[in-house]
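Structure below is final_2.csv: CSV, C-alpha atoms.
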```csv
chain,number,residue,atom,x,y,z
R,183,MET,CA,11.8,25.2,-62.6
R,184,THR,CA,11.5,28.4,-60.7
R,185,LYS,CA,12.9,29.0,-57.3
R,186,ASN,CA,9.5,28.7,-55.7
R,187,GLU,CA,8.9,25.4,-57.5
R,188,ASP,CA,12.3,24.1,-56.3
R,189,VAL,CA,11.4,25.0,-52.7
R,190,GLY,CA,8.0,23.4,-53.1
R,191,PHE,CA,9.5,20.3,-54.4
R,192,LEU,CA,12.1,20.2,-51.6
R,193,ARG,CA,9.4,20.8,-48.9
R,194,THR,CA,7.4,17.9,-50.5
R,195,GLU,CA,10.6,15.7,-50.3
R,196,ILE,CA,10.9,16.5,-46.6
R,197,ILE,CA,7.3,15.6,-46.0
R,198,GLU,CA,7.7,12.3,-47.9
R,199,SER,CA,10.8,11.5,-46.0
R,200,GLN,CA,9.0,12.2,-42.7
R,201,LYS,CA,6.1,9.9,-43.8
R,202,THR,CA,8.6,7.2,-44.7
R,203,ARG,CA,10.2,7.5,-41.3
R,204,THR,CA,6.8,7.3,-39.6
R,205,ASP,CA,6.0,4.2,-41.6
R,206,LEU,CA,9.3,2.6,-40.6
R,207,LEU,CA,8.5,3.2,-36.9
R,208,LYS,CA,5.1,1.5,-37.5
R,209,TYR,CA,6.8,-1.4,-39.3
R,210,LYS,CA,9.3,-1.7,-36.4
R,211,LEU,CA,6.4,-2.1,-33.9
R,212,PHE,CA,4.6,-4.5,-36.2
R,213,ILE,CA,7.7,-6.7,-36.9
R,214,ILE,CA,8.6,-6.8,-33.2
R,215,ALA,CA,5.0,-7.9,-32.4
R,216,ILE,CA,5.0,-10.7,-35.1
R,217,ILE,CA,8.4,-12.1,-34.2
R,218,GLY,CA,7.7,-11.8,-30.5
R,219,SER,CA,4.4,-13.6,-30.8
R,220,ILE,CA,5.9,-16.4,-32.9
R,221,GLY,CA,9.0,-16.7,-30.6
R,222,LEU,CA,6.9,-16.7,-27.4
R,223,GLY,CA,4.4,-19.2,-28.9
R,224,ILE,CA,1.5,-16.8,-28.7
R,225,SER,CA,0.5,-17.3,-32.3
R,226,GLU,CA,-0.6,-20.8,-33.2
R,227,THR,CA,1.3,-22.7,-35.9
R,228,LYS,CA,0.6,-26.0,-37.5
R,229,PHE,CA,4.1,-27.1,-36.7
R,230,ASN,CA,5.5,-28.2,-33.4
R,231,ILE,CA,8.9,-26.6,-33.7
R,232,ARG,CA,11.3,-27.1,-30.8
R,233,ASN,CA,13.1,-24.0,-29.5
R,234,ILE,CA,10.9,-21.7,-31.6
R,235,ASP,CA,11.9,-18.9,-29.2
R,236,TYR,CA,15.3,-18.9,-30.9
R,237,ILE,CA,13.7,-16.6,-33.5
R,238,LEU,CA,13.6,-13.9,-30.8
R,239,TYR,CA,17.4,-13.4,-31.1
R,240,ILE,CA,17.0,-11.6,-34.4
R,241,LEU,CA,14.8,-8.8,-32.9
R,242,PRO,CA,17.7,-6.5,-31.9
R,243,PHE,CA,19.1,-6.8,-35.5
R,244,VAL,CA,15.8,-6.0,-37.0
R,245,CYS,CA,15.6,-2.9,-34.7
R,246,ILE,CA,19.1,-1.9,-35.7
R,247,TYR,CA,18.3,-2.2,-39.4
R,248,ILE,CA,15.1,0.0,-39.1
R,249,ASP,CA,16.9,2.5,-36.9
R,250,LEU,CA,19.6,2.9,-39.5
R,251,LEU,CA,17.0,3.5,-42.2
R,252,CYS,CA,15.4,6.1,-40.0
R,253,TYR,CA,18.7,7.8,-39.4
R,254,HIS,CA,19.3,7.9,-43.2
R,255,ASN,CA,15.9,9.6,-43.7
R,256,THR,CA,16.7,12.1,-41.0
R,257,ILE,CA,19.9,13.0,-42.6
R,258,ARG,CA,18.1,13.5,-45.9
R,259,ILE,CA,15.7,15.8,-44.2
R,260,LEU,CA,18.5,17.8,-42.5
R,261,VAL,CA,20.4,18.2,-45.8
R,262,ILE,CA,17.3,19.6,-47.5
R,263,ALA,CA,16.5,21.8,-44.5
R,264,SER,CA,20.1,23.1,-44.5
R,265,PHE,CA,19.8,24.0,-48.2
R,266,LEU,CA,16.4,25.7,-47.6
R,267,THR,CA,18.0,27.7,-44.7
R,268,ARG,CA,20.8,28.7,-47.0
R,269,ILE,CA,18.5,30.1,-49.6
R,270,LYS,CA,16.6,32.0,-46.8
R,271,ASN,CA,13.4,29.9,-46.7
R,272,GLU,CA,11.2,31.6,-44.2
R,273,TYR,CA,10.0,28.5,-42.5
R,274,GLU,CA,13.5,27.0,-42.1
R,275,MET,CA,14.8,30.3,-40.8
R,276,TYR,CA,12.1,30.4,-38.3
R,277,ILE,CA,12.8,26.9,-37.1
R,278,ASN,CA,16.5,27.8,-36.7
R,279,LEU,CA,15.6,30.8,-34.6
R,280,LEU,CA,13.4,28.6,-32.3
R,281,GLY,CA,16.4,26.5,-31.5
R,282,THR,CA,19.0,29.2,-30.7
R,283,ASP,CA,18.7,28.8,-26.9
R,284,LYS,CA,18.6,24.9,-26.9
R,285,LYS,CA,21.5,22.5,-26.6
R,286,ASP,CA,20.5,20.5,-29.7
R,287,GLY,CA,19.4,23.7,-31.6
R,288,ASN,CA,16.3,23.3,-33.6
R,289,ARG,CA,16.5,19.5,-33.4
R,290,TYR,CA,15.3,19.9,-29.8
R,291,TYR,CA,11.8,20.2,-31.1
R,292,PHE,CA,11.9,17.2,-33.3
R,293,ASN,CA,14.0,14.6,-31.4
R,294,LEU,CA,11.2,12.8,-29.5
R,295,GLU,CA,10.9,10.4,-32.4
R,296,ASP,CA,14.7,9.7,-32.1
R,297,ILE,CA,14.2,9.0,-28.4
R,298,ILE,CA,11.5,6.5,-29.2
R,299,LEU,CA,13.6,4.9,-31.9
R,300,ARG,CA,16.6,4.4,-29.7
R,301,GLY,CA,14.6,3.6,-26.5
R,302,SER,CA,12.5,0.9,-28.2
R,303,SER,CA,15.6,-0.8,-29.5
R,304,LEU,CA,17.3,-0.7,-26.1
R,305,PHE,CA,14.2,-1.9,-24.4
R,306,ILE,CA,13.9,-4.9,-26.7
R,307,ALA,CA,17.5,-5.8,-26.3
R,308,LEU,CA,17.3,-5.7,-22.5
R,309,LEU,CA,14.1,-7.7,-22.6
R,310,LEU,CA,15.9,-10.3,-24.7
R,311,ILE,CA,18.7,-10.6,-22.1
R,312,VAL,CA,16.3,-10.9,-19.3
R,313,TYR,CA,14.3,-13.5,-21.2
R,314,GLY,CA,17.3,-15.6,-22.0
R,315,ILE,CA,18.7,-15.5,-18.5
R,316,SER,CA,15.3,-16.3,-16.9
R,317,LYS,CA,14.4,-19.1,-19.3
R,318,TYR,CA,17.7,-20.8,-19.8
R,319,ALA,CA,19.5,-20.1,-16.5
R,320,ILE,CA,17.1,-19.4,-13.7
R,321,PHE,CA,13.8,-21.2,-14.4
R,322,SER,CA,15.1,-24.2,-16.3
R,323,ASP,CA,15.7,-27.7,-15.0
R,324,THR,CA,18.4,-28.2,-17.5
R,325,GLN,CA,20.6,-25.2,-18.3
R,326,ASN,CA,21.1,-24.7,-22.0
R,327,ILE,CA,24.3,-22.7,-22.2
R,328,THR,CA,24.2,-22.3,-25.9
R,329,ALA,CA,20.7,-20.8,-25.9
R,330,LEU,CA,21.7,-18.6,-23.0
R,331,CYS,CA,24.8,-17.3,-24.8
R,332,ILE,CA,22.7,-16.7,-28.0
R,333,PHE,CA,20.2,-14.6,-26.2
R,334,VAL,CA,22.7,-12.7,-24.1
R,335,PHE,CA,25.0,-12.0,-27.0
R,336,SER,CA,22.1,-10.8,-29.2
R,337,GLY,CA,20.8,-8.6,-26.3
R,338,PHE,CA,24.2,-7.1,-25.8
R,339,ALA,CA,24.7,-6.5,-29.5
R,340,GLY,CA,21.3,-4.8,-29.4
R,341,THR,CA,22.5,-2.4,-26.8
R,342,ILE,CA,25.9,-1.7,-28.2
R,343,ILE,CA,25.4,-1.5,-31.9
R,344,PRO,CA,22.5,1.1,-31.7
R,345,PHE,CA,24.7,3.2,-29.5
R,346,LEU,CA,27.5,3.1,-32.1
R,347,SER,CA,25.0,3.7,-34.9
R,348,TYR,CA,23.6,6.7,-33.1
R,349,LYS,CA,27.1,8.1,-32.6
R,350,ALA,CA,27.8,7.7,-36.3
R,351,PHE,CA,24.6,9.4,-37.1
R,352,LYS,CA,25.4,12.3,-34.7
R,353,ASN,CA,28.8,12.6,-36.3
R,354,ARG,CA,27.2,12.9,-39.7
R,355,VAL,CA,24.8,15.6,-38.4
R,356,ILE,CA,27.7,17.5,-36.9
R,357,ALA,CA,29.7,17.2,-40.2
R,358,LEU,CA,26.6,18.5,-42.1
R,359,GLU,CA,26.3,21.5,-39.8
R,360,LYS,CA,30.0,22.3,-40.3
R,361,VAL,CA,29.8,22.1,-44.0
R,362,SER,CA,26.6,24.1,-44.0
R,363,ASN,CA,28.1,26.8,-41.8
R,364,LYS,CA,31.1,27.0,-44.2
R,365,LEU,CA,28.8,27.3,-47.2
R,366,GLU,CA,26.7,29.9,-45.5
R,367,LYS,CA,29.7,32.2,-45.4
R,368,LYS,CA,30.2,31.8,-49.1
R,369,SER,CA,27.8,32.8,-51.8
R,370,TYR,CA,26.8,30.9,-54.9
```

Target format structure tokens, applied to this file:
Amino acid sequence: MTKNEDVGFLRTEIIESQKTRTDLLKYKLFIIAIIGSIGLGISETKFNIRNIDYILYILPFVCIYIDLLCYHNTIRILVIASFLTRIKNEYEMYINLLGTDKKDGNRYYFNLEDIILRGSSLFIALLLIVYGISKYAIFSDTQNITALCIFVFSGFAGTIIPFLSYKAFKNRVIALEKVSNKLEKKSY
């Protein structure tokens, strides 16, 4: 393979990773809608299942799983972009120049998707807490402490774990930037 073929292959790899990331975001929305409609009883089933809304407590964990997959794809993209910058790929050099005056560097222009990713997970987790409290503590004739605890625990896990996951992701991005900067000073 020539250098141009390598670069072309790596650019294709970035595009495929971006497509995968977009697909994961669509799947996240789709899965939330399906589990939500089942748990809230919106979709009809042949079975009369008591406490079907308990299925809702898995929503934050589904969100966390998809978020982690998206972070992994982002890191893959950043590693390839770092390599392309190191070999002086014009596009990657241009993107780096665009971010010189921004706090997040060139990521500033590409982080809206990350905001949606984290925001949707947080929103679902908070909705779950509100749902559990309203259904099992406020608007219920008989208080079901177990169900209330399940919903509140799941909701809190859905707020804390994504925060920790994002911190771990950011630490990896910072580590990648440090290694990339060290390698930039060296030559092959």

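Among the candidates R:Ala329, R:Ile259, R:Leu266, R:Leu310, the one nearest to Phe292 in chain R when counting all atoms listed in the file is R:Ile259.
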
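CA of Arg258 in chain R sits 14.8 Å away from CA of Glu274 in chain R.
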
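Shortest separation to Leu309 in chain R among R:Leu280, R:Tyr291, R:Leu241, R:Ile216 occurs at residue R:Leu241, atoms counted being all atoms listed in the file.
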
Q: Grab the CA of Ile237 in chain R to CA of Gly221 in chain R distance for me, in Å with one decimal place.
A: 5.5 Å

Q: Name all residues at most 8 Å from Ile306 in chain R (count all atoms listed in the file; drop same-chain ones fewer than 6 positions away) and give them as JSON, numbers by chain.
A: {"R": [241, 242, 337, 340]}

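The closest residue to Thr202 in chain R, picked from R:Ile246, R:Ile220, R:Glu366, R:Leu251 and counting all atoms listed in the file, is R:Leu251.
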